[in-house]
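Everything below belongs to model_18.pdb, which stores PDB, C-alpha atoms.
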MODEL        1
ATOM      1  CA  MET A   1      12.035  50.935  76.949  1.00  0.00           C
ATOM      2  CA  ASN A   2       9.956  47.938  75.865  1.00  0.00           C
ATOM      3  CA  ILE A   3      10.526  44.614  77.632  1.00  0.00           C
ATOM      4  CA  LEU A   4       8.769  41.249  77.500  1.00  0.00           C
ATOM      5  CA  VAL A   5       7.265  40.220  80.845  1.00  0.00           C
ATOM      6  CA  SER A   6       6.068  36.784  81.925  1.00  0.00           C
ATOM      7  CA  MET A   7       2.995  36.343  84.136  1.00  0.00           C
ATOM      8  CA  ARG A   8       1.856  33.937  86.819  1.00  0.00           C
ATOM      9  CA  MET A   9      -1.079  31.566  86.324  1.00  0.00           C
ATOM     10  CA  VAL A  10      -3.957  31.698  88.801  1.00  0.00           C
ATOM     11  CA  GLU A  11      -7.242  29.819  89.230  1.00  0.00           C
ATOM     12  CA  ASN A  12     -10.316  32.041  89.475  1.00  0.00           C
ATOM     13  CA  SER A  13     -12.324  31.330  92.631  1.00  0.00           C
ATOM     14  CA  THR A  14     -15.736  32.407  91.292  1.00  0.00           C
ATOM     15  CA  TYR A  15     -15.696  30.908  87.811  1.00  0.00           C
ATOM     16  CA  PRO A  16     -13.801  27.815  86.620  1.00  0.00           C
ATOM     17  CA  GLU A  17     -11.120  29.323  84.437  1.00  0.00           C
ATOM     18  CA  ARG A  18      -7.366  29.732  84.534  1.00  0.00           C
ATOM     19  CA  ARG A  19      -6.014  33.267  84.227  1.00  0.00           C
ATOM     20  CA  ASP A  20      -2.691  35.014  83.726  1.00  0.00           C
ATOM     21  CA  ALA A  21      -1.948  37.734  86.268  1.00  0.00           C
ATOM     22  CA  LEU A  22       0.572  40.414  87.171  1.00  0.00           C
ATOM     23  CA  SER A  23       0.640  42.261  90.484  1.00  0.00           C
ATOM     24  CA  HIS A  24       0.042  46.018  90.458  1.00  0.00           C
ATOM     25  CA  ASP A  25       3.359  46.227  92.330  1.00  0.00           C
ATOM     26  CA  TRP A  26       4.984  45.546  88.981  1.00  0.00           C
ATOM     27  CA  ALA A  27       3.043  48.357  87.322  1.00  0.00           C
ATOM     28  CA  THR A  28       4.401  50.784  89.918  1.00  0.00           C
ATOM     29  CA  PHE A  29       7.887  49.362  89.363  1.00  0.00           C
ATOM     30  CA  PHE A  30       7.633  49.816  85.581  1.00  0.00           C
ATOM     31  CA  ASN A  31       6.448  53.404  86.001  1.00  0.00           C
ATOM     32  CA  GLU A  32       9.330  54.229  88.317  1.00  0.00           C
ATOM     33  CA  HIS A  33      11.950  52.799  85.976  1.00  0.00           C
ATOM     34  CA  ASN A  34      10.536  53.954  82.621  1.00  0.00           C
ATOM     35  CA  LEU A  35       9.830  50.428  81.394  1.00  0.00           C
ATOM     36  CA  LEU A  36       6.934  49.549  79.093  1.00  0.00           C
ATOM     37  CA  PRO A  37       5.873  45.921  79.658  1.00  0.00           C
ATOM     38  CA  ILE A  38       4.774  43.674  76.816  1.00  0.00           C
ATOM     39  CA  LEU A  39       2.838  40.973  78.676  1.00  0.00           C
ATOM     40  CA  VAL A  40       3.201  37.454  77.291  1.00  0.00           C
ATOM     41  CA  PRO A  41       0.193  35.143  77.850  1.00  0.00           C
ATOM     42  CA  ASN A  42       0.997  31.625  78.984  1.00  0.00           C
ATOM     43  CA  ALA A  43      -1.517  29.942  76.659  1.00  0.00           C
ATOM     44  CA  ILE A  44      -0.269  31.615  73.483  1.00  0.00           C
ATOM     45  CA  LYS A  45       0.687  29.052  70.824  1.00  0.00           C
ATOM     46  CA  ASN A  46       3.973  30.671  69.803  1.00  0.00           C
ATOM     47  CA  PRO A  47       5.268  33.107  72.453  1.00  0.00           C
ATOM     48  CA  ASN A  48       8.392  33.750  70.412  1.00  0.00           C
ATOM     49  CA  ARG A  49       6.360  35.911  68.015  1.00  0.00           C
ATOM     50  CA  TYR A  50       6.477  38.579  70.740  1.00  0.00           C
ATOM     51  CA  PHE A  51      10.149  39.091  69.903  1.00  0.00           C
ATOM     52  CA  ASP A  52       8.989  40.564  66.574  1.00  0.00           C
ATOM     53  CA  LEU A  53       7.957  43.607  68.650  1.00  0.00           C
ATOM     54  CA  ALA A  54      11.679  44.331  69.195  1.00  0.00           C
ATOM     55  CA  PRO A  55      11.842  44.196  73.007  1.00  0.00           C
ATOM     56  CA  ARG A  56      15.062  45.309  74.662  1.00  0.00           C
ATOM     57  CA  GLY A  57      14.875  42.818  77.527  1.00  0.00           C
ATOM     58  CA  LEU A  58      13.046  39.852  79.053  1.00  0.00           C
ATOM     59  CA  LEU A  59      11.763  39.867  82.655  1.00  0.00           C
ATOM     60  CA  LEU A  60      10.754  36.578  84.278  1.00  0.00           C
ATOM     61  CA  THR A  61       8.527  37.340  87.264  1.00  0.00           C
ATOM     62  CA  GLY A  62       7.714  35.381  90.419  1.00  0.00           C
ATOM     63  CA  GLY A  63       4.825  33.083  91.205  1.00  0.00           C
ATOM     64  CA  GLU A  64       3.981  29.415  91.417  1.00  0.00           C
ATOM     65  CA  SER A  65       6.532  26.614  91.692  1.00  0.00           C
ATOM     66  CA  ILE A  66       8.119  25.132  88.576  1.00  0.00           C
ATOM     67  CA  GLY A  67       6.845  21.701  87.561  1.00  0.00           C
ATOM     68  CA  SER A  68       8.967  18.591  87.767  1.00  0.00           C
ATOM     69  CA  PRO A  69      10.616  17.255  84.592  1.00  0.00           C
ATOM     70  CA  GLY A  70       7.939  15.684  82.444  1.00  0.00           C
ATOM     71  CA  GLN A  71       5.216  17.649  84.245  1.00  0.00           C
ATOM     72  CA  LEU A  72       5.918  21.184  83.131  1.00  0.00           C
ATOM     73  CA  SER A  73       3.062  23.683  83.258  1.00  0.00           C
ATOM     74  CA  GLN A  74       2.037  25.893  80.351  1.00  0.00           C
ATOM     75  CA  ARG A  75       3.920  28.718  82.052  1.00  0.00           C
ATOM     76  CA  ASP A  76       7.058  26.589  82.352  1.00  0.00           C
ATOM     77  CA  ILE A  77       6.913  25.786  78.646  1.00  0.00           C
ATOM     78  CA  THR A  78       6.267  29.414  77.696  1.00  0.00           C
ATOM     79  CA  GLU A  79       9.157  30.739  79.787  1.00  0.00           C
ATOM     80  CA  MET A  80      11.563  28.081  78.526  1.00  0.00           C
ATOM     81  CA  ALA A  81      10.758  29.166  74.968  1.00  0.00           C
ATOM     82  CA  LEU A  82      11.204  32.848  75.837  1.00  0.00           C
ATOM     83  CA  ILE A  83      14.571  32.185  77.487  1.00  0.00           C
ATOM     84  CA  SER A  84      15.816  30.199  74.502  1.00  0.00           C
ATOM     85  CA  THR A  85      14.874  32.886  71.983  1.00  0.00           C
ATOM     86  CA  ALA A  86      16.173  35.726  74.159  1.00  0.00           C
ATOM     87  CA  ILE A  87      19.551  33.984  74.354  1.00  0.00           C
ATOM     88  CA  ALA A  88      19.594  33.365  70.592  1.00  0.00           C
ATOM     89  CA  ARG A  89      18.882  37.065  69.975  1.00  0.00           C
ATOM     90  CA  HIS A  90      21.300  38.297  72.671  1.00  0.00           C
ATOM     91  CA  ILE A  91      18.481  39.939  74.630  1.00  0.00           C
ATOM     92  CA  PRO A  92      19.303  40.561  78.329  1.00  0.00           C
ATOM     93  CA  ILE A  93      17.253  38.593  80.856  1.00  0.00           C
ATOM     94  CA  LEU A  94      16.306  39.503  84.419  1.00  0.00           C
ATOM     95  CA  GLY A  95      14.902  36.730  86.625  1.00  0.00           C
ATOM     96  CA  VAL A  96      13.001  37.440  89.860  1.00  0.00           C
ATOM     97  CA  CYS A  97      12.193  34.765  92.475  1.00  0.00           C
ATOM     98  CA  ARG A  98      10.585  32.014  90.383  1.00  0.00           C
ATOM     99  CA  GLY A  99      12.378  33.596  87.406  1.00  0.00           C
ATOM    100  CA  PHE A 100      15.684  32.991  89.223  1.00  0.00           C
ATOM    101  CA  GLN A 101      14.787  29.325  89.660  1.00  0.00           C
ATOM    102  CA  MET A 102      13.535  29.011  86.077  1.00  0.00           C
ATOM    103  CA  LEU A 103      16.842  30.253  84.708  1.00  0.00           C
ATOM    104  CA  ASN A 104      18.695  27.824  86.950  1.00  0.00           C
ATOM    105  CA  ARG A 105      16.464  25.016  85.664  1.00  0.00           C
ATOM    106  CA  TYR A 106      16.979  26.087  82.044  1.00  0.00           C
ATOM    107  CA  PHE A 107      20.743  25.795  82.378  1.00  0.00           C
ATOM    108  CA  GLY A 108      20.590  22.372  84.022  1.00  0.00           C
ATOM    109  CA  GLY A 109      20.236  23.115  87.742  1.00  0.00           C
ATOM    110  CA  LYS A 110      17.344  22.377  90.076  1.00  0.00           C
ATOM    111  CA  SER A 111      15.563  23.721  93.150  1.00  0.00           C
ATOM    112  CA  VAL A 112      15.223  22.131  96.556  1.00  0.00           C
ATOM    113  CA  LEU A 113      12.552  22.444  99.229  1.00  0.00           C
ATOM    114  CA  LEU A 114      13.731  24.694 102.068  1.00  0.00           C
ATOM    115  CA  PRO A 115      12.983  24.309 105.804  1.00  0.00           C
ATOM    116  CA  THR A 116       9.517  25.626 106.672  1.00  0.00           C
ATOM    117  CA  LYS A 117       9.339  29.447 106.707  1.00  0.00           C
ATOM    118  CA  SER A 118      13.144  29.772 106.602  1.00  0.00           C
ATOM    119  CA  HIS A 119      12.844  32.149 103.656  1.00  0.00           C
ATOM    120  CA  VAL A 120       9.606  33.974 104.345  1.00  0.00           C
ATOM    121  CA  GLY A 121       9.778  37.549 105.645  1.00  0.00           C
ATOM    122  CA  THR A 122      13.248  39.096 105.496  1.00  0.00           C
ATOM    123  CA  HIS A 123      16.795  37.814 105.826  1.00  0.00           C
ATOM    124  CA  SER A 124      20.389  38.839 105.155  1.00  0.00           C
ATOM    125  CA  VAL A 125      22.148  38.376 101.834  1.00  0.00           C
ATOM    126  CA  HIS A 126      25.947  38.420 101.712  1.00  0.00           C
ATOM    127  CA  LEU A 127      27.358  39.662  98.408  1.00  0.00           C
ATOM    128  CA  THR A 128      30.710  38.585  97.054  1.00  0.00           C
ATOM    129  CA  ASP A 129      31.910  42.209  97.232  1.00  0.00           C
ATOM    130  CA  GLY A 130      31.617  42.048 101.038  1.00  0.00           C
ATOM    131  CA  ASN A 131      28.401  44.046 101.397  1.00  0.00           C
ATOM    132  CA  ILE A 132      25.467  42.672 103.379  1.00  0.00           C
ATOM    133  CA  TYR A 133      21.840  43.588 102.652  1.00  0.00           C
ATOM    134  CA  THR A 134      18.506  42.690 104.188  1.00  0.00           C
ATOM    135  CA  VAL A 135      16.066  41.535 101.509  1.00  0.00           C
ATOM    136  CA  ASN A 136      12.430  40.504 101.425  1.00  0.00           C
ATOM    137  CA  SER A 137      11.761  36.808 100.998  1.00  0.00           C
ATOM    138  CA  PHE A 138       8.719  34.851  99.786  1.00  0.00           C
ATOM    139  CA  HIS A 139       9.872  31.406  98.671  1.00  0.00           C
ATOM    140  CA  ASP A 140       9.805  27.858  99.996  1.00  0.00           C
ATOM    141  CA  GLU A 141      12.128  26.447  97.334  1.00  0.00           C
ATOM    142  CA  GLY A 142      15.665  27.565  96.652  1.00  0.00           C
ATOM    143  CA  VAL A 143      18.977  26.889  94.950  1.00  0.00           C
ATOM    144  CA  THR A 144      22.050  25.600  96.756  1.00  0.00           C
ATOM    145  CA  GLU A 145      25.681  25.264  95.719  1.00  0.00           C
ATOM    146  CA  GLU A 146      25.015  21.625  94.861  1.00  0.00           C
ATOM    147  CA  THR A 147      21.957  22.358  92.708  1.00  0.00           C
ATOM    148  CA  LEU A 148      23.230  25.481  90.919  1.00  0.00           C
ATOM    149  CA  ALA A 149      23.667  25.259  87.143  1.00  0.00           C
ATOM    150  CA  THR A 150      27.344  25.220  86.164  1.00  0.00           C
ATOM    151  CA  GLU A 151      26.992  28.230  83.839  1.00  0.00           C
ATOM    152  CA  LEU A 152      25.661  30.488  86.599  1.00  0.00           C
ATOM    153  CA  ARG A 153      27.923  32.399  88.989  1.00  0.00           C
ATOM    154  CA  PRO A 154      26.567  33.265  92.453  1.00  0.00           C
ATOM    155  CA  PHE A 155      27.174  36.738  93.855  1.00  0.00           C
ATOM    156  CA  GLY A 156      24.767  36.671  96.801  1.00  0.00           C
ATOM    157  CA  ARG A 157      24.013  34.081  99.491  1.00  0.00           C
ATOM    158  CA  ALA A 158      21.770  33.907 102.553  1.00  0.00           C
ATOM    159  CA  ASP A 159      23.191  33.105 105.993  1.00  0.00           C
ATOM    160  CA  ASN A 160      22.364  29.421 105.510  1.00  0.00           C
ATOM    161  CA  GLY A 161      24.195  29.248 102.184  1.00  0.00           C
ATOM    162  CA  VAL A 162      21.120  29.324  99.938  1.00  0.00           C
ATOM    163  CA  ILE A 163      22.071  31.173  96.757  1.00  0.00           C
ATOM    164  CA  GLU A 164      20.113  34.407  96.306  1.00  0.00           C
ATOM    165  CA  ALA A 165      21.708  36.151  93.309  1.00  0.00           C
ATOM    166  CA  VAL A 166      23.472  34.939  90.172  1.00  0.00           C
ATOM    167  CA  ARG A 167      24.898  36.136  86.886  1.00  0.00           C
ATOM    168  CA  HIS A 168      25.555  34.039  83.824  1.00  0.00           C
ATOM    169  CA  SER A 169      29.219  33.417  83.111  1.00  0.00           C
ATOM    170  CA  THR A 170      29.078  34.862  79.569  1.00  0.00           C
ATOM    171  CA  LEU A 171      25.504  36.001  78.750  1.00  0.00           C
ATOM    172  CA  PRO A 172      23.689  39.208  79.825  1.00  0.00           C
ATOM    173  CA  ILE A 173      21.603  37.403  82.440  1.00  0.00           C
ATOM    174  CA  VAL A 174      21.118  38.345  86.099  1.00  0.00           C
ATOM    175  CA  ALA A 175      18.691  36.785  88.555  1.00  0.00           C
ATOM    176  CA  ILE A 176      17.708  37.440  92.168  1.00  0.00           C
ATOM    177  CA  GLN A 177      15.603  35.419  94.593  1.00  0.00           C
ATOM    178  CA  TRP A 178      13.935  38.403  96.283  1.00  0.00           C
ATOM    179  CA  HIS A 179      11.268  40.802  94.943  1.00  0.00           C
ATOM    180  CA  PRO A 180      12.414  44.295  93.845  1.00  0.00           C
ATOM    181  CA  GLU A 181       8.833  45.274  92.945  1.00  0.00           C
ATOM    182  CA  ARG A 182       7.691  44.856  96.564  1.00  0.00           C
ATOM    183  CA  SER A 183       8.724  46.842  99.626  1.00  0.00           C
ATOM    184  CA  ASN A 184      12.334  45.874 100.187  1.00  0.00           C
ATOM    185  CA  PRO A 185      14.988  47.031 102.698  1.00  0.00           C
ATOM    186  CA  ALA A 186      17.569  46.527  99.934  1.00  0.00           C
ATOM    187  CA  SER A 187      15.982  49.003  97.512  1.00  0.00           C
ATOM    188  CA  SER A 188      19.368  50.634  96.861  1.00  0.00           C
ATOM    189  CA  LEU A 189      20.741  47.270  95.725  1.00  0.00           C
ATOM    190  CA  ASP A 190      17.658  46.697  93.580  1.00  0.00           C
ATOM    191  CA  LYS A 191      18.202  50.021  91.848  1.00  0.00           C
ATOM    192  CA  GLN A 192      21.862  49.255  91.250  1.00  0.00           C
ATOM    193  CA  LEU A 193      21.137  45.845  89.725  1.00  0.00           C
ATOM    194  CA  LEU A 194      18.281  47.168  87.618  1.00  0.00           C
ATOM    195  CA  GLU A 195      20.380  50.003  86.204  1.00  0.00           C
ATOM    196  CA  GLU A 196      23.092  47.492  85.359  1.00  0.00           C
ATOM    197  CA  TRP A 197      20.545  45.345  83.522  1.00  0.00           C
ATOM    198  CA  LYS A 198      18.963  48.321  81.740  1.00  0.00           C
ATOM    199  CA  LYS A 199      22.358  49.399  80.428  1.00  0.00           C
ATOM    200  CA  GLN A 200      22.773  45.956  78.896  1.00  0.00           C
ATOM    201  CA  CYS A 201      19.329  46.310  77.311  1.00  0.00           C
ATOM    202  CA  VAL A 202      20.208  49.702  75.852  1.00  0.00           C
ATOM    203  CA  LEU A 203      23.442  48.312  74.404  1.00  0.00           C
ATOM    204  CA  LEU A 204      21.513  45.546  72.613  1.00  0.00           C
ATOM    205  CA  SER A 205      22.563  45.666  68.968  1.00  0.00           C
TER
ENDMDL
END
Rendering of file as structure tokens:
Amino acid sequence: MNILVSMRMVENSTYPERRDALSHDWATFFNEHNLLPILVPNAIKNPNRYFDLAPRGLLLTGGESIGSPGQLSQRDITEMALISTAIARHIPILGVCRGFQMLNRYFGGKSVLLPTKSHVGTHSVHLTDGNIYTVNSFHDEGVTEETLATELRPFGRADNGVIEAVRHSTLPIVAIQWHPERSNPASSLDKQLLEEWKKQCVLLS
């Protein structure tokens, strides 16, 4: 199944140029779940042309922090455009880490700086169905009840109340703050959420 995939921007240390990158962890993840990624460059003039390739879903990956309003990076602009077109074409979206925060930003929410190292390593996530999972964690910004976009519905929270998983109230959008492509104690939850998202992609008309 073909899906569009966003990439992080990195500065090369040996030659002065900006590059787009995707961890090999994602390649392993795509192989395991029979997904064929269509990688979208951040400097492309019109990223929405990639939808002409008939993708079944959009995956927003992790990476650098989102810029402040008025100071959006090229990646921020690219992902905002991809989100807008995916919604217009009813294409399911999966947001991971930064992708979670980007979707929250798109719908009018914002992120806040978290206490130092409070969300680095692993921590518990309490789901609304009563289950508790231990997830990996690699972020210093997060979304709280006060900064969550009104259209998003939380279904997972950390012990300190930081929101870790959301679904859109009406659209086929799910987002998580942890990394399913990396080693994760909650791999069974990752598989469940991914299969749910893939079913929505398959049902795309």
Using all atoms listed in the file, which protein or nucleic acid residues come within 12 Å of Arg18 (chain A)? Drop anything in the same chain fewer than 5 positions from it, and give the result as a ChimeraX atom specification. /A:8-13,41-43,74-75
Please check which residues have atoms at most 10 Å from (22.3, 46.3, 77.6) in the file's coordinates, counting only C-alpha atoms, and write them as JSON, numbers by chain. {"A": [56, 57, 90, 91, 92, 93, 172, 195, 196, 197, 198, 199, 200, 201, 202, 203, 204, 205]}
Ala186 (chain A): which residues within 12 Å, counting all atoms listed in the file, same-chain residues fewer than 5 positions away excluded, as a list in words? Thr122, His123, Ser124, Val125, His126, Asn131, Ile132, Tyr133, Thr134, Val135, Asn136, Ser137, Ile176, Trp178, His179, Pro180, Glu181, Lys191, Gln192 and Leu193 of chain A
Now that the selection is made, can you save its residues with C-alpha atoms as a CSV table (one decimal), keeping the file's coordinate frame?
chain,number,residue,atom,x,y,z
A,122,THR,CA,13.2,39.1,105.5
A,123,HIS,CA,16.8,37.8,105.8
A,124,SER,CA,20.4,38.8,105.2
A,125,VAL,CA,22.1,38.4,101.8
A,126,HIS,CA,25.9,38.4,101.7
A,131,ASN,CA,28.4,44.0,101.4
A,132,ILE,CA,25.5,42.7,103.4
A,133,TYR,CA,21.8,43.6,102.7
A,134,THR,CA,18.5,42.7,104.2
A,135,VAL,CA,16.1,41.5,101.5
A,136,ASN,CA,12.4,40.5,101.4
A,137,SER,CA,11.8,36.8,101.0
A,176,ILE,CA,17.7,37.4,92.2
A,178,TRP,CA,13.9,38.4,96.3
A,179,HIS,CA,11.3,40.8,94.9
A,180,PRO,CA,12.4,44.3,93.8
A,181,GLU,CA,8.8,45.3,92.9
A,191,LYS,CA,18.2,50.0,91.8
A,192,GLN,CA,21.9,49.3,91.2
A,193,LEU,CA,21.1,45.8,89.7
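Using all atoms listed in the file, the smallest distance between any of A:Leu113, A:Leu94, A:Val40, A:Met7 and Glu64 (chain A) comes from A:Met7.
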Check which residues satisfy the PyMOL selection byres ((chain A and resi 81) around 12) in the file shown, then give them as a ChimeraX atom specification. /A:6,40,42,44-51,58,60,74-80,82-88,102-103,106
When the PyMOL selection byres ((chain A and resi 26) around 12) is applied to the structure above, which residues does it catch, written out as a ChimeraX atom specification? /A:5-7,21-25,27-37,39,59-62,96,179-183
